[in-house]
Structures are given as C-alpha cells and as structure tokens.
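Enquirer: One structure, as structure tokens, below. Some questions next.
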Amino acid sequence: MKTYKLYESSTHAWLVFGRDPGKPSQIIDTNQYMVVSKDNALLIDPGGIELFSAMLTTVIKQVPVEKITHLFASHQDPDIISSLGLWDQALENATLHSPWLWESFIRHFGMNNITYSPIPDEGGQLHLDDAMLRFIPAHYLHSSGNVNIYDPKAKILMSGDIGAALEEPEAPIYVDNFEAHIPKMKTFHQRWMPSNEAKNDWVSRVRELDIEMLCPQHGRIFRGDDVGRFLDWFESLEVGITQKALG
C-alpha cells in the first residue's frame with residue numbers, strides 16, 4: 001500500500017493511503033485518508049476488514065498507534081468501515097465520528113472500546129489540536145446518511161463516493177486528463193447516486209467552499225481547475241439511472 005502526502009502546515013498534515021497491489025482482485029481499490037496534528041490523528045474511511053493488516057502496517061510508519069484518537073466513517077458501507085472491529089482492538093482511546101443514522105448498523109462491525117460520536121444531519125465540526133475540520137452534509141450521495149469532511153485551511157474536501165472512479169492499483173493518484181477520466185466514473189455515478197435533487201443541493205453547497213483538492217474514496221484526486229470541471233460535469237449528469245437504462 002502506497003502513501004502520498006497531500007498537504008502539510010505548521011498545524012497538521014493530510015496523507016492518503018491506497019494503490020494496494022496486494023489486495024484481492026475481487027476487491028475494489030480504495031483511498032484511506034489520515035489527518036495528523038500535534039498530538040492526535042484522524043483516520044478517514046479506514047477501509048474494509050481485508051485491508052486492516054496492510055493499513056495498520058502503513059499507518060504506524062507515519063504515527064504511533066496511540067496517536068490515533070479519532071476515526072471517521074462517511075457512511076455505512078463495508079469498504080469504508082468493516083475493519084472497525086479490528087481497529088477497536090488496536091486502539092485504546094478513540095472516537096468514531098459518523099452520521100447518527102448509521103450507528104446501529106455500524107456497531108455490527110464490532111465496537112466495544114471505541115466511542116461513537118453521532119454526526120447530526122446538518123453536519124458539525126471536529127477540532128484536532130489547532131486544526132479545525134467541518135462535516136459537510138452529502139445525504140443520498142449515495143447513502144441516505146452521508147457526510148464529507150472539509151478542511152478550510154488545507155482547502156481539501158474528502159468527498160467519499162462522490163467523484164469515485166474505477167482504477168487499477170498502478171494508476172496515478174491525481175487526475176491528469178479530465179475528459180479521459182469521465183468514462184471511469186460516469187456509470188458509477190449514474191447508478192449509485194439516486195437523486196438529482198440531492199446531487200444539485202450538494203453541488204450548490206460545495207461551490208461556496210474554497211477547494212483546491214477534491215478527494216474521493218475510490219480512484220484519483222481532483223485538484224486545481226479539475227475540481228471545478230468535476231462540479232460542472234456532476235451538476236449536468238442525470239443520476240438515478242438503472243442498469244437497464246444504461247444499456
């Protein structure tokens with residue numbers, strides 16, 4: 001599993017882990033993110049149970065395990081949080097931040113030591129020492145309870161499945177040709193995003209943010225002008241289309 005540094009300042013840093021050539025071939029490649037501040041670290045969508053060993057090995061090369069005091073799950077999918085039961089055994093004092101709607105579901109993955117902190121529908125904030133992160137509502141994209149993370153200082157939006165694409169493990173971490181990237185994400189968004197109204201509400205909300213990097217949970221990261229290109233493309237895309245309609 002590879003590690004990429006997306007941002008670093010005097011208060012905190014952003015890392016992304018992914019492009020795992022050792023993953024089972026039937027498992028979709030995922031991006032796991034971590035925000036590291038002075039005394040704390042936040043794991044964002046830490047991954048499925050099958051990735052736990054690789055994730056733990058990779059993460060502890062960056063921070064001691066006792067520094068991981070927060071986890072975040074954007075929604076309930078197993079590729080995002082089915083590793084929870086193993087993190088629950090590895091972490092002595094941690095809190096999981098996730099939409100309130102999914103607490104009773106997510107606890108099925110195993111949660112005896114980690115504390116659940118439910119995120120309300122309207123979002124909220126999380127302070128990591130001197131870093132402040134915002135929880136941005138992204139409901140029905142694709143989960144009925146879904147939240148993004150925005151860092152106003154780093155100008156990073158971790159967008160979960162919004163912007164996701166199907167990529168090979170050897171693919172670059174950043175989008176380098178937006179038009180060529182569209183076929184890798186079009187069908188996914190049309191099928192897995194059920195609501196044009198929710199989509200357009202999210203686009204309108206996100207356009208008010210200052211974003212330099214839009215970081216999905218699958219595929220490549222959008223940066224610079226490609227952030228605006230993605231928002232324009234997504235806004236114009238008709239979603240909630242069945243496989244039969246897709247042909």
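By order of appearance in the structure tokens: chains A, B, ..., then residues from 1 within every chain, and ligands from 1 in the order shown.
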Give me, as an NGL selection string, the residues of range 81-240 of chain A that a backbone DSSP run labels helix (DSSP H, G or I).
Expert: :A and (81 or 84-90 or 100-109 or 178-184 or 186-192 or 196-207 or 225-236)
Enquirer: Let's see if you can do this: from backbone DSSP, list all strand (DSSP E) residues in range 47-84 of chain A, as a ChimeraX atom specification.
Expert: /A:68-72
Enquirer: Taking 2 positions as the minimum chain separation for residues in the same chain, which residues sit within 9 Å of range 230-237 of chain A when counting only C-alpha atoms? Answer as a ChimeraX atom specification.
Expert: /A:163,178,182,186,189-190,196,199-200,203-204,206-207,222,225-228,239
Enquirer: Those same residues - all heavy atoms - I'd like them written as a compact mmCIF listing (two decimals), in the first residue's frame.
Expert:
# COMPACT_ATOMS: atom_id res chain seq x y z
N GLY A 163 -17.28 11.54 -6.84
CA GLY A 163 -16.03 11.66 -7.58
C GLY A 163 -15.30 10.35 -7.74
O GLY A 163 -14.22 10.30 -8.34
N PHE A 178 -8.94 15.19 -17.52
CA PHE A 178 -10.31 15.10 -17.02
C PHE A 178 -11.23 14.39 -18.02
O PHE A 178 -12.01 13.52 -17.64
CB PHE A 178 -10.87 16.48 -16.69
CG PHE A 178 -12.24 16.42 -16.10
CD1 PHE A 178 -12.40 16.16 -14.74
CD2 PHE A 178 -13.38 16.58 -16.87
CE1 PHE A 178 -13.67 16.06 -14.17
CE2 PHE A 178 -14.66 16.49 -16.32
CZ PHE A 178 -14.79 16.24 -14.97
N ILE A 182 -13.58 10.73 -17.41
CA ILE A 182 -15.05 10.66 -17.31
C ILE A 182 -15.59 9.24 -17.47
O ILE A 182 -16.45 8.82 -16.67
CB ILE A 182 -15.70 11.63 -18.33
CG1 ILE A 182 -15.48 13.07 -17.88
CG2 ILE A 182 -17.19 11.34 -18.49
CD1 ILE A 182 -15.97 14.11 -18.88
N LYS A 186 -18.51 7.70 -14.90
CA LYS A 186 -19.86 8.07 -15.32
C LYS A 186 -20.91 7.05 -14.89
O LYS A 186 -21.90 7.40 -14.23
CB LYS A 186 -19.91 8.24 -16.84
CG LYS A 186 -21.28 8.67 -17.35
CD LYS A 186 -21.27 8.88 -18.87
CE LYS A 186 -22.64 9.30 -19.36
NZ LYS A 186 -22.65 9.49 -20.84
N HIS A 189 -21.59 6.90 -11.08
CA HIS A 189 -22.39 8.00 -10.54
C HIS A 189 -23.84 7.90 -10.98
O HIS A 189 -24.76 8.20 -10.19
CB HIS A 189 -21.79 9.34 -10.95
CG HIS A 189 -20.55 9.70 -10.19
ND1 HIS A 189 -19.32 9.13 -10.45
CD2 HIS A 189 -20.36 10.55 -9.13
CE1 HIS A 189 -18.42 9.63 -9.62
NE2 HIS A 189 -19.02 10.47 -8.80
N GLN A 190 -24.09 7.49 -12.21
CA GLN A 190 -25.47 7.39 -12.68
C GLN A 190 -26.24 6.32 -11.93
O GLN A 190 -27.43 6.48 -11.65
CB GLN A 190 -25.48 7.09 -14.19
CG GLN A 190 -25.09 8.27 -15.04
CD GLN A 190 -25.13 7.96 -16.51
OE1 GLN A 190 -24.66 6.92 -16.96
NE2 GLN A 190 -25.70 8.87 -17.29
N ASN A 196 -31.22 13.42 -8.26
CA ASN A 196 -30.73 14.65 -8.88
C ASN A 196 -30.91 15.84 -7.94
O ASN A 196 -30.07 16.74 -7.91
CB ASN A 196 -31.47 14.90 -10.20
CG ASN A 196 -30.97 14.00 -11.32
OD1 ASN A 196 -29.81 14.06 -11.72
ND2 ASN A 196 -31.86 13.15 -11.82
N LYS A 199 -28.14 15.68 -5.42
CA LYS A 199 -26.89 15.99 -6.11
C LYS A 199 -26.74 17.49 -6.32
O LYS A 199 -25.68 18.08 -6.02
CB LYS A 199 -26.86 15.27 -7.46
CG LYS A 199 -25.65 15.56 -8.32
CD LYS A 199 -25.96 15.34 -9.80
CE LYS A 199 -27.00 16.32 -10.31
NZ LYS A 199 -27.19 16.25 -11.77
N ASN A 200 -27.76 18.14 -6.83
CA ASN A 200 -27.68 19.57 -7.11
C ASN A 200 -27.58 20.40 -5.83
O ASN A 200 -26.92 21.44 -5.81
CB ASN A 200 -28.87 20.01 -7.95
CG ASN A 200 -28.84 19.40 -9.34
OD1 ASN A 200 -27.78 19.05 -9.85
ND2 ASN A 200 -30.01 19.26 -9.96
N VAL A 203 -23.91 20.11 -4.85
CA VAL A 203 -23.06 20.93 -5.72
C VAL A 203 -23.17 22.40 -5.33
O VAL A 203 -22.15 23.11 -5.23
CB VAL A 203 -23.43 20.73 -7.20
CG1 VAL A 203 -22.71 21.75 -8.07
CG2 VAL A 203 -23.07 19.32 -7.67
N SER A 204 -24.39 22.87 -5.10
CA SER A 204 -24.59 24.26 -4.70
C SER A 204 -23.87 24.56 -3.39
O SER A 204 -23.22 25.61 -3.25
CB SER A 204 -26.09 24.54 -4.56
OG SER A 204 -26.31 25.87 -4.12
N VAL A 206 -21.28 22.95 -2.06
CA VAL A 206 -19.83 22.79 -2.18
C VAL A 206 -19.21 23.93 -2.99
O VAL A 206 -18.06 24.32 -2.75
CB VAL A 206 -19.51 21.41 -2.80
CG1 VAL A 206 -18.08 21.32 -3.28
CG2 VAL A 206 -19.80 20.32 -1.78
N ARG A 207 -19.95 24.50 -3.92
CA ARG A 207 -19.42 25.64 -4.69
C ARG A 207 -19.10 26.84 -3.80
O ARG A 207 -18.30 27.71 -4.19
CB ARG A 207 -20.42 26.05 -5.77
CG ARG A 207 -20.48 25.12 -6.97
CD ARG A 207 -21.22 25.77 -8.12
NE ARG A 207 -21.53 24.86 -9.20
CZ ARG A 207 -20.67 24.49 -10.16
NH1 ARG A 207 -19.43 24.98 -10.14
NH2 ARG A 207 -21.05 23.68 -11.13
N PHE A 222 -8.97 15.01 -7.58
CA PHE A 222 -9.11 16.19 -8.43
C PHE A 222 -8.42 17.37 -7.75
O PHE A 222 -8.62 17.60 -6.54
CB PHE A 222 -10.59 16.53 -8.65
CG PHE A 222 -11.39 15.41 -9.25
CD1 PHE A 222 -11.95 14.43 -8.43
CD2 PHE A 222 -11.59 15.32 -10.62
CE1 PHE A 222 -12.70 13.40 -8.96
CE2 PHE A 222 -12.33 14.28 -11.16
CZ PHE A 222 -12.88 13.32 -10.33
N ASP A 225 -8.00 23.30 -11.29
CA ASP A 225 -9.16 23.53 -12.17
C ASP A 225 -10.03 22.29 -12.35
O ASP A 225 -11.21 22.40 -12.70
CB ASP A 225 -8.68 24.02 -13.55
CG ASP A 225 -8.08 25.41 -13.50
OD1 ASP A 225 -8.35 26.14 -12.52
OD2 ASP A 225 -7.34 25.76 -14.44
N ASP A 226 -9.47 21.11 -12.10
CA ASP A 226 -10.26 19.90 -12.26
C ASP A 226 -11.35 19.77 -11.20
O ASP A 226 -12.32 19.03 -11.39
CB ASP A 226 -9.36 18.66 -12.23
CG ASP A 226 -8.66 18.42 -13.56
OD1 ASP A 226 -9.20 18.87 -14.59
OD2 ASP A 226 -7.58 17.80 -13.56
N VAL A 227 -11.22 20.48 -10.08
CA VAL A 227 -12.30 20.50 -9.08
C VAL A 227 -13.54 21.14 -9.70
O VAL A 227 -14.64 20.59 -9.64
CB VAL A 227 -11.87 21.25 -7.81
CG1 VAL A 227 -13.05 21.40 -6.86
CG2 VAL A 227 -10.71 20.54 -7.13
N GLY A 228 -13.37 22.30 -10.32
CA GLY A 228 -14.49 22.97 -10.98
C GLY A 228 -15.04 22.16 -12.15
O GLY A 228 -16.25 22.12 -12.38
N VAL A 239 -28.63 11.41 -12.81
CA VAL A 239 -28.30 10.26 -11.97
C VAL A 239 -29.57 9.50 -11.61
O VAL A 239 -30.68 9.89 -11.97
CB VAL A 239 -27.54 10.70 -10.71
CG1 VAL A 239 -26.26 11.43 -11.07
CG2 VAL A 239 -28.41 11.56 -9.80
Enquirer: Got a sec: who's within 7 Å of Thr30 in chain A, counting only C-alpha atoms, leaving out chain neighbours fewer than 5 positions off, as a ChimeraX atom specification?
Expert: /A:18,217-218
Enquirer: Would you export the selected residues with C-alpha atoms as a PDB file, in the first residue's frame, please?
Expert:
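That gives us again.pdb:
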ATOM      1  CA  GLY A  18      -4.025   3.369  -1.390  1.00  0.00           C
ATOM      2  CA  GLN A 217     -12.743   7.275  -1.629  1.00  0.00           C
ATOM      3  CA  HIS A 218     -12.054   5.480  -4.928  1.00  0.00           C
TER       4      HIS A 218
END
Enquirer: Determine, for each residue of range 77-187 of chain A having at least one atom at most 6 Å from an atom of range 31-50 of chain A, the closest pair of atoms and their separation in Å to one decimal, counting only C-alpha atoms; order by chain and ascending number, as CSV.
Expert:
residue,atom,partner,partner_atom,distance
A:Pro78,CA,A:Gly48,CA,5.7
A:Asp79,CA,A:Gly48,CA,4.4
A:Ile80,CA,A:Gly47,CA,4.3
A:Ile81,CA,A:Gly47,CA,5.3
A:Ser82,CA,A:Gly48,CA,4.7
A:Ser83,CA,A:Ile49,CA,3.8
Enquirer: Can you list, as a PyMOL selection string, every protein, DNA or RNA residue that comes within 8 Å of range 104-107 of chain A when you count only C-alpha atoms, leaving out same-chain residues fewer than 3 positions away?
Expert: chain A and resi 76+81+101+110-111
Enquirer: Give me the residues within 12 Å of Ser53 in chain A as a list in words, counting only C-alpha atoms and dropping any in the same chain fewer than 5 places off.
Expert: Met1, Asp20, Gly22, Lys23, Pro46, Gly47, Gly48, Thr58, Val59, Ile60, Ser83, Leu86, Trp87 and Ala90 of chain A
Enquirer: Counting only C-alpha atoms, which residue out of A:Thr95, A:Gln89, A:Ser117, A:Thr57 sits closest to Thr69 in chain A?
Expert: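 Closest to Thr69 in chain A of all the choices is A:Thr95.
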Enquirer: What is the distance between CA of Ser74 in chain A and CA of Tyr150 in chain A, in Å to one decimal?
Expert: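 Straight-line distance from CA of Ser74 in chain A to CA of Tyr150 in chain A works out to 12.0 Å.
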